[in-house]
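Colleague: My file is run.pdb. It has PDB, C-alpha atoms:
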```
ATOM      1  CA  MET A 173      35.864 -51.392 170.209  1.00  0.00           C
ATOM      2  CA  LYS A 174      38.469 -53.079 168.073  1.00  0.00           C
ATOM      3  CA  ILE A 175      37.324 -53.458 164.470  1.00  0.00           C
ATOM      4  CA  ALA A 176      39.016 -55.845 162.017  1.00  0.00           C
ATOM      5  CA  VAL A 177      38.969 -54.430 158.486  1.00  0.00           C
ATOM      6  CA  GLY A 178      39.690 -56.521 155.414  1.00  0.00           C
ATOM      7  CA  CYS A 179      39.246 -56.246 151.679  1.00  0.00           C
ATOM      8  CA  ASP A 180      40.211 -57.693 148.351  1.00  0.00           C
ATOM      9  CA  HIS A 181      41.558 -55.720 145.390  1.00  0.00           C
ATOM     10  CA  ALA A 182      38.060 -54.505 144.429  1.00  0.00           C
ATOM     11  CA  GLY A 183      37.517 -53.129 147.927  1.00  0.00           C
ATOM     12  CA  PHE A 184      41.008 -51.711 148.279  1.00  0.00           C
ATOM     13  CA  PRO A 185      40.112 -48.235 146.912  1.00  0.00           C
ATOM     14  CA  LEU A 186      37.639 -47.788 149.818  1.00  0.00           C
ATOM     15  CA  LYS A 187      39.756 -49.336 152.572  1.00  0.00           C
ATOM     16  CA  ASN A 188      41.391 -46.118 153.755  1.00  0.00           C
ATOM     17  CA  VAL A 189      37.993 -44.413 153.949  1.00  0.00           C
ATOM     18  CA  VAL A 190      36.750 -47.310 156.091  1.00  0.00           C
ATOM     19  CA  LEU A 191      39.810 -47.156 158.353  1.00  0.00           C
ATOM     20  CA  GLU A 192      39.436 -43.375 158.755  1.00  0.00           C
ATOM     21  CA  SER A 193      35.709 -43.780 159.502  1.00  0.00           C
ATOM     22  CA  VAL A 194      36.428 -46.371 162.195  1.00  0.00           C
ATOM     23  CA  LEU A 195      38.935 -44.042 163.843  1.00  0.00           C
ATOM     24  CA  ALA A 196      36.626 -41.019 163.501  1.00  0.00           C
ATOM     25  CA  ALA A 197      33.919 -43.001 165.316  1.00  0.00           C
ATOM     26  CA  GLY A 198      36.320 -43.478 168.228  1.00  0.00           C
ATOM     27  CA  HIS A 199      37.303 -47.096 167.645  1.00  0.00           C
ATOM     28  CA  GLU A 200      40.541 -48.947 166.942  1.00  0.00           C
ATOM     29  CA  ALA A 201      41.040 -50.406 163.459  1.00  0.00           C
ATOM     30  CA  ILE A 202      42.937 -53.622 162.812  1.00  0.00           C
ATOM     31  CA  ASP A 203      43.948 -53.684 159.147  1.00  0.00           C
ATOM     32  CA  VAL A 204      44.230 -57.306 157.955  1.00  0.00           C
ATOM     33  CA  GLY A 205      44.802 -56.393 154.282  1.00  0.00           C
ATOM     34  CA  THR A 206      44.978 -56.499 151.391  1.00  0.00           C
ATOM     35  CA  PHE A 207      47.623 -53.837 151.059  1.00  0.00           C
ATOM     36  CA  SER A 208      47.547 -53.130 147.324  1.00  0.00           C
ATOM     37  CA  ALA A 209      45.263 -53.217 144.306  1.00  0.00           C
ATOM     38  CA  ASP A 210      46.872 -56.442 143.061  1.00  0.00           C
ATOM     39  CA  ALA A 211      44.336 -59.228 142.483  1.00  0.00           C
ATOM     40  CA  VAL A 212      43.703 -61.437 145.531  1.00  0.00           C
ATOM     41  CA  ASP A 213      40.967 -63.811 146.691  1.00  0.00           C
ATOM     42  CA  PHE A 214      38.368 -62.251 149.007  1.00  0.00           C
ATOM     43  CA  PRO A 215      37.884 -65.437 151.115  1.00  0.00           C
ATOM     44  CA  ASP A 216      41.471 -65.106 152.379  1.00  0.00           C
ATOM     45  CA  PHE A 217      40.764 -61.698 153.899  1.00  0.00           C
ATOM     46  CA  THR A 218      37.284 -62.668 155.028  1.00  0.00           C
ATOM     47  CA  LYS A 219      38.903 -65.484 156.987  1.00  0.00           C
ATOM     48  CA  LYS A 220      41.337 -63.059 158.637  1.00  0.00           C
ATOM     49  CA  VAL A 221      38.492 -60.804 159.793  1.00  0.00           C
ATOM     50  CA  GLY A 222      36.433 -63.761 161.005  1.00  0.00           C
ATOM     51  CA  GLU A 223      39.358 -65.259 162.899  1.00  0.00           C
ATOM     52  CA  ALA A 224      40.025 -61.931 164.626  1.00  0.00           C
ATOM     53  CA  ILE A 225      36.433 -62.014 165.902  1.00  0.00           C
ATOM     54  CA  GLN A 226      36.593 -65.690 166.849  1.00  0.00           C
ATOM     55  CA  LYS A 227      39.836 -65.168 168.804  1.00  0.00           C
ATOM     56  CA  GLY A 228      38.442 -62.105 170.603  1.00  0.00           C
ATOM     57  CA  GLU A 229      41.006 -59.813 168.984  1.00  0.00           C
ATOM     58  CA  ALA A 230      38.164 -57.740 167.465  1.00  0.00           C
ATOM     59  CA  GLU A 231      34.568 -57.209 168.524  1.00  0.00           C
ATOM     60  CA  ARG A 232      33.359 -56.491 164.993  1.00  0.00           C
ATOM     61  CA  GLY A 233      34.572 -56.560 161.435  1.00  0.00           C
ATOM     62  CA  ILE A 234      34.169 -54.738 158.153  1.00  0.00           C
ATOM     63  CA  LEU A 235      34.730 -56.387 154.772  1.00  0.00           C
ATOM     64  CA  ILE A 236      34.844 -54.841 151.307  1.00  0.00           C
ATOM     65  CA  CYS A 237      34.890 -56.872 148.112  1.00  0.00           C
ATOM     66  CA  GLY A 238      33.522 -56.029 144.666  1.00  0.00           C
ATOM     67  CA  SER A 239      29.834 -56.423 145.453  1.00  0.00           C
ATOM     68  CA  GLY A 240      29.934 -57.283 149.164  1.00  0.00           C
ATOM     69  CA  VAL A 241      28.047 -60.492 148.416  1.00  0.00           C
ATOM     70  CA  GLY A 242      31.001 -62.879 148.255  1.00  0.00           C
ATOM     71  CA  ALA A 243      32.491 -61.559 151.486  1.00  0.00           C
ATOM     72  CA  ALA A 244      29.118 -61.924 153.249  1.00  0.00           C
ATOM     73  CA  ILE A 245      28.666 -65.501 152.034  1.00  0.00           C
ATOM     74  CA  ALA A 246      32.198 -66.469 153.095  1.00  0.00           C
ATOM     75  CA  ALA A 247      31.969 -64.723 156.469  1.00  0.00           C
ATOM     76  CA  ASN A 248      28.720 -66.466 157.359  1.00  0.00           C
ATOM     77  CA  LYS A 249      30.468 -69.837 157.007  1.00  0.00           C
ATOM     78  CA  MET A 250      32.512 -69.040 160.117  1.00  0.00           C
ATOM     79  CA  LYS A 251      31.156 -69.910 163.550  1.00  0.00           C
ATOM     80  CA  GLY A 252      30.246 -66.828 165.576  1.00  0.00           C
ATOM     81  CA  VAL A 253      30.472 -64.518 162.581  1.00  0.00           C
ATOM     82  CA  TYR A 254      27.203 -62.875 161.553  1.00  0.00           C
ATOM     83  CA  ALA A 255      27.650 -60.814 158.417  1.00  0.00           C
ATOM     84  CA  SER A 256      25.442 -58.928 156.021  1.00  0.00           C
ATOM     85  CA  ILE A 257      25.879 -56.733 153.015  1.00  0.00           C
ATOM     86  CA  CYS A 258      24.524 -53.281 153.837  1.00  0.00           C
ATOM     87  CA  HIS A 259      24.422 -50.334 151.502  1.00  0.00           C
ATOM     88  CA  ASP A 260      22.003 -48.261 153.591  1.00  0.00           C
ATOM     89  CA  THR A 261      22.261 -46.943 157.150  1.00  0.00           C
ATOM     90  CA  TYR A 262      18.994 -48.521 158.307  1.00  0.00           C
ATOM     91  CA  SER A 263      20.213 -52.057 157.544  1.00  0.00           C
ATOM     92  CA  ALA A 264      23.685 -51.364 158.935  1.00  0.00           C
ATOM     93  CA  ALA A 265      22.234 -50.258 162.285  1.00  0.00           C
ATOM     94  CA  GLN A 266      19.260 -52.613 162.525  1.00  0.00           C
ATOM     95  CA  GLY A 267      21.394 -55.598 161.570  1.00  0.00           C
ATOM     96  CA  VAL A 268      23.295 -55.033 164.800  1.00  0.00           C
ATOM     97  CA  ALA A 269      20.362 -53.949 166.964  1.00  0.00           C
ATOM     98  CA  HIS A 270      17.956 -56.740 165.999  1.00  0.00           C
ATOM     99  CA  ASP A 271      20.096 -59.534 164.562  1.00  0.00           C
ATOM    100  CA  ASN A 272      23.396 -59.202 166.468  1.00  0.00           C
ATOM    101  CA  MET A 273      25.321 -58.729 163.207  1.00  0.00           C
ATOM    102  CA  ASN A 274      29.034 -58.343 163.885  1.00  0.00           C
ATOM    103  CA  VAL A 275      30.431 -57.950 160.352  1.00  0.00           C
ATOM    104  CA  LEU A 276      29.446 -55.241 157.878  1.00  0.00           C
ATOM    105  CA  CYS A 277      30.045 -56.135 154.217  1.00  0.00           C
ATOM    106  CA  MET A 278      30.124 -53.538 151.476  1.00  0.00           C
ATOM    107  CA  GLY A 279      30.681 -53.536 147.733  1.00  0.00           C
ATOM    108  CA  GLY A 280      33.603 -51.445 146.567  1.00  0.00           C
ATOM    109  CA  ARG A 281      32.199 -51.453 143.041  1.00  0.00           C
ATOM    110  CA  VAL A 282      28.718 -50.537 144.282  1.00  0.00           C
ATOM    111  CA  ILE A 283      29.145 -47.656 146.721  1.00  0.00           C
ATOM    112  CA  GLY A 284      31.462 -44.686 147.038  1.00  0.00           C
ATOM    113  CA  PRO A 285      33.399 -43.034 149.834  1.00  0.00           C
ATOM    114  CA  GLU A 286      30.624 -40.690 150.975  1.00  0.00           C
ATOM    115  CA  LEU A 287      28.278 -43.595 151.662  1.00  0.00           C
ATOM    116  CA  VAL A 288      31.054 -45.448 153.520  1.00  0.00           C
ATOM    117  CA  LYS A 289      31.386 -42.415 155.794  1.00  0.00           C
ATOM    118  CA  VAL A 290      27.789 -42.835 156.991  1.00  0.00           C
ATOM    119  CA  LEU A 291      27.505 -46.637 156.869  1.00  0.00           C
ATOM    120  CA  VAL A 292      30.482 -47.308 159.126  1.00  0.00           C
ATOM    121  CA  PRO A 293      29.274 -45.101 162.009  1.00  0.00           C
ATOM    122  CA  ALA A 294      25.714 -46.450 161.657  1.00  0.00           C
ATOM    123  CA  PHE A 295      27.125 -49.962 162.090  1.00  0.00           C
ATOM    124  CA  LEU A 296      29.540 -49.076 164.885  1.00  0.00           C
ATOM    125  CA  ASN A 297      27.163 -46.902 166.899  1.00  0.00           C
ATOM    126  CA  ALA A 298      24.455 -49.575 166.988  1.00  0.00           C
ATOM    127  CA  HIS A 299      24.219 -52.113 169.785  1.00  0.00           C
ATOM    128  CA  TYR A 300      22.310 -55.364 170.126  1.00  0.00           C
ATOM    129  CA  ILE A 301      19.079 -54.814 172.052  1.00  0.00           C
ATOM    130  CA  GLY A 302      18.047 -58.459 172.396  1.00  0.00           C
ATOM    131  CA  ASN A 303      19.409 -58.605 175.932  1.00  0.00           C
ATOM    132  CA  GLU A 304      17.515 -55.501 177.045  1.00  0.00           C
ATOM    133  CA  MET A 305      14.023 -55.304 178.494  1.00  0.00           C
ATOM    134  CA  GLY A 306      11.565 -55.698 175.639  1.00  0.00           C
ATOM    135  CA  GLY A 307      14.112 -57.402 173.402  1.00  0.00           C
ATOM    136  CA  GLU A 308      13.078 -60.956 174.223  1.00  0.00           C
ATOM    137  CA  ARG A 309      11.641 -61.633 170.771  1.00  0.00           C
ATOM    138  CA  LEU A 310      14.904 -60.528 169.176  1.00  0.00           C
ATOM    139  CA  ALA A 311      16.948 -62.760 171.503  1.00  0.00           C
ATOM    140  CA  ARG A 312      14.643 -65.687 170.724  1.00  0.00           C
ATOM    141  CA  ARG A 313      15.283 -65.234 167.003  1.00  0.00           C
ATOM    142  CA  VAL A 314      19.040 -64.784 167.376  1.00  0.00           C
ATOM    143  CA  ASN A 315      19.172 -67.891 169.567  1.00  0.00           C
ATOM    144  CA  LYS A 316      17.398 -69.846 166.815  1.00  0.00           C
ATOM    145  CA  ILE A 317      20.122 -68.723 164.393  1.00  0.00           C
ATOM    146  CA  LYS A 318      22.815 -69.827 166.850  1.00  0.00           C
ATOM    147  CA  ASP A 319      21.037 -73.178 167.227  1.00  0.00           C
ATOM    148  CA  MET A 320      21.069 -73.592 163.434  1.00  0.00           C
ATOM    149  CA  GLU A 321      24.799 -72.890 163.494  1.00  0.00           C
ATOM    150  CA  LYS A 322      25.380 -75.613 166.131  1.00  0.00           C
ATOM    151  CA  HIS A 323      23.508 -78.211 164.111  1.00  0.00           C
ATOM    152  CA  SER A 324      24.821 -77.557 160.626  1.00  0.00           C
TER     153      SER A 324
END
```
Go ahead and render the structure in this file as structure tokens.

Modeller:
Amino acid sequence: MKIAVGCDHAGFPLKNVVLESVLAAGHEAIDVGTFSADAVDFPDFTKKVGEAIQKGEAERGILICGSGVGAAIAANKMKGVYASICHDTYSAAQGVAHDNMNVLCMGGRVIGPELVKVLVPAFLNAHYIGNEMGGERLARRVNKIKDMEKHS
């Protein structure tokens, strides 16, 4: 998979760990910035990740801001982008498997590099099971979310 990775200045210290974790998991990383620790606005980089998904340039995305919250809020404003802050492997994997999450958000001021090294593969190794036998209830729920998106 191609994974768009973006961050603001607060997430910048973890960005290389994220990029390395994406590559170690066997995927291609698309680095959309930021490229220094100089102060920037997280919505600008959230938009870049979201647009990469919308255009089909990336299948999934990873965002890092100070807490992860702002990036998740901004990402969820974009059609076809389903983001959540995850600081545990269960949520990172189940968010994909049950809810078709395609963007992992993390807080650079909340977690450290060792947790990133397990969160990223948990997110990337998971797959949506709503289209598989027995996943009908999950698909029904995800379709309700997509319907909400159409009518907002």

Colleague: From the list A:Ala209, A:Val194, A:Leu296, A:Ala182, which residue is nearest Ala243 (chain A) when using only C-alpha atoms?

Modeller: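 For Ala243 (chain A), the nearest of the candidates is A:Ala182.
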
Colleague: Show me, as JSON, numbers by chain, the residues that have an atom within 12 Å of Met273 (chain A) when counting all atoms listed in the file, minus same-chain residues fewer than 2 positions from it.

Modeller: {"A": [225, 231, 232, 233, 234, 244, 247, 248, 252, 253, 254, 255, 256, 257, 258, 263, 264, 265, 266, 267, 268, 269, 270, 271, 275, 276, 277, 295, 296, 298, 299, 300, 301, 302, 314, 317, 318]}

Colleague: Would you compute the distance between CA of Ile236 (chain A) and CA of Glu321 (chain A)? Give it in Å to one decimal.

Modeller: 24.0 Å

Colleague: With distances taken over all atoms listed in the file, which residue among A:Asn272, A:Asn297, A:Asn303, A:Thr206 lies nearest Val221 (chain A)?

Modeller: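 Looking only at the distances to Val221 (chain A), the closest residue turns out to be A:Thr206.
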
Colleague: Mind checking which residues fall within 10 Å of Glu223 (chain A), counting all atoms listed in the file, ignoring those fewer than 2 positions away in the same chain, and posting them as a PDB file with C-alpha atoms, keeping the file's coordinate frame?

Modeller:
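The resulting file, part_22.pdb, is reproduced below:
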```pdb
ATOM      1  CA  ALA A 176      39.016 -55.845 162.017  1.00  0.00           C
ATOM      2  CA  PHE A 217      40.764 -61.698 153.899  1.00  0.00           C
ATOM      3  CA  THR A 218      37.284 -62.668 155.028  1.00  0.00           C
ATOM      4  CA  LYS A 219      38.903 -65.484 156.987  1.00  0.00           C
ATOM      5  CA  LYS A 220      41.337 -63.059 158.637  1.00  0.00           C
ATOM      6  CA  VAL A 221      38.492 -60.804 159.793  1.00  0.00           C
ATOM      7  CA  ILE A 225      36.433 -62.014 165.902  1.00  0.00           C
ATOM      8  CA  GLN A 226      36.593 -65.690 166.849  1.00  0.00           C
ATOM      9  CA  LYS A 227      39.836 -65.168 168.804  1.00  0.00           C
ATOM     10  CA  GLY A 228      38.442 -62.105 170.603  1.00  0.00           C
ATOM     11  CA  GLU A 229      41.006 -59.813 168.984  1.00  0.00           C
ATOM     12  CA  ALA A 230      38.164 -57.740 167.465  1.00  0.00           C
ATOM     13  CA  ALA A 247      31.969 -64.723 156.469  1.00  0.00           C
ATOM     14  CA  MET A 250      32.512 -69.040 160.117  1.00  0.00           C
ATOM     15  CA  LYS A 251      31.156 -69.910 163.550  1.00  0.00           C
ATOM     16  CA  GLY A 252      30.246 -66.828 165.576  1.00  0.00           C
ATOM     17  CA  VAL A 253      30.472 -64.518 162.581  1.00  0.00           C
TER      18      VAL A 253
END
```

Colleague: Taking the file as shown, what set of residues would the PyMOL selection byres ((chain A and resi 200) around 6) give back, as an MDAnalysis selection string?

Modeller: chainID A and resid 174 199 201
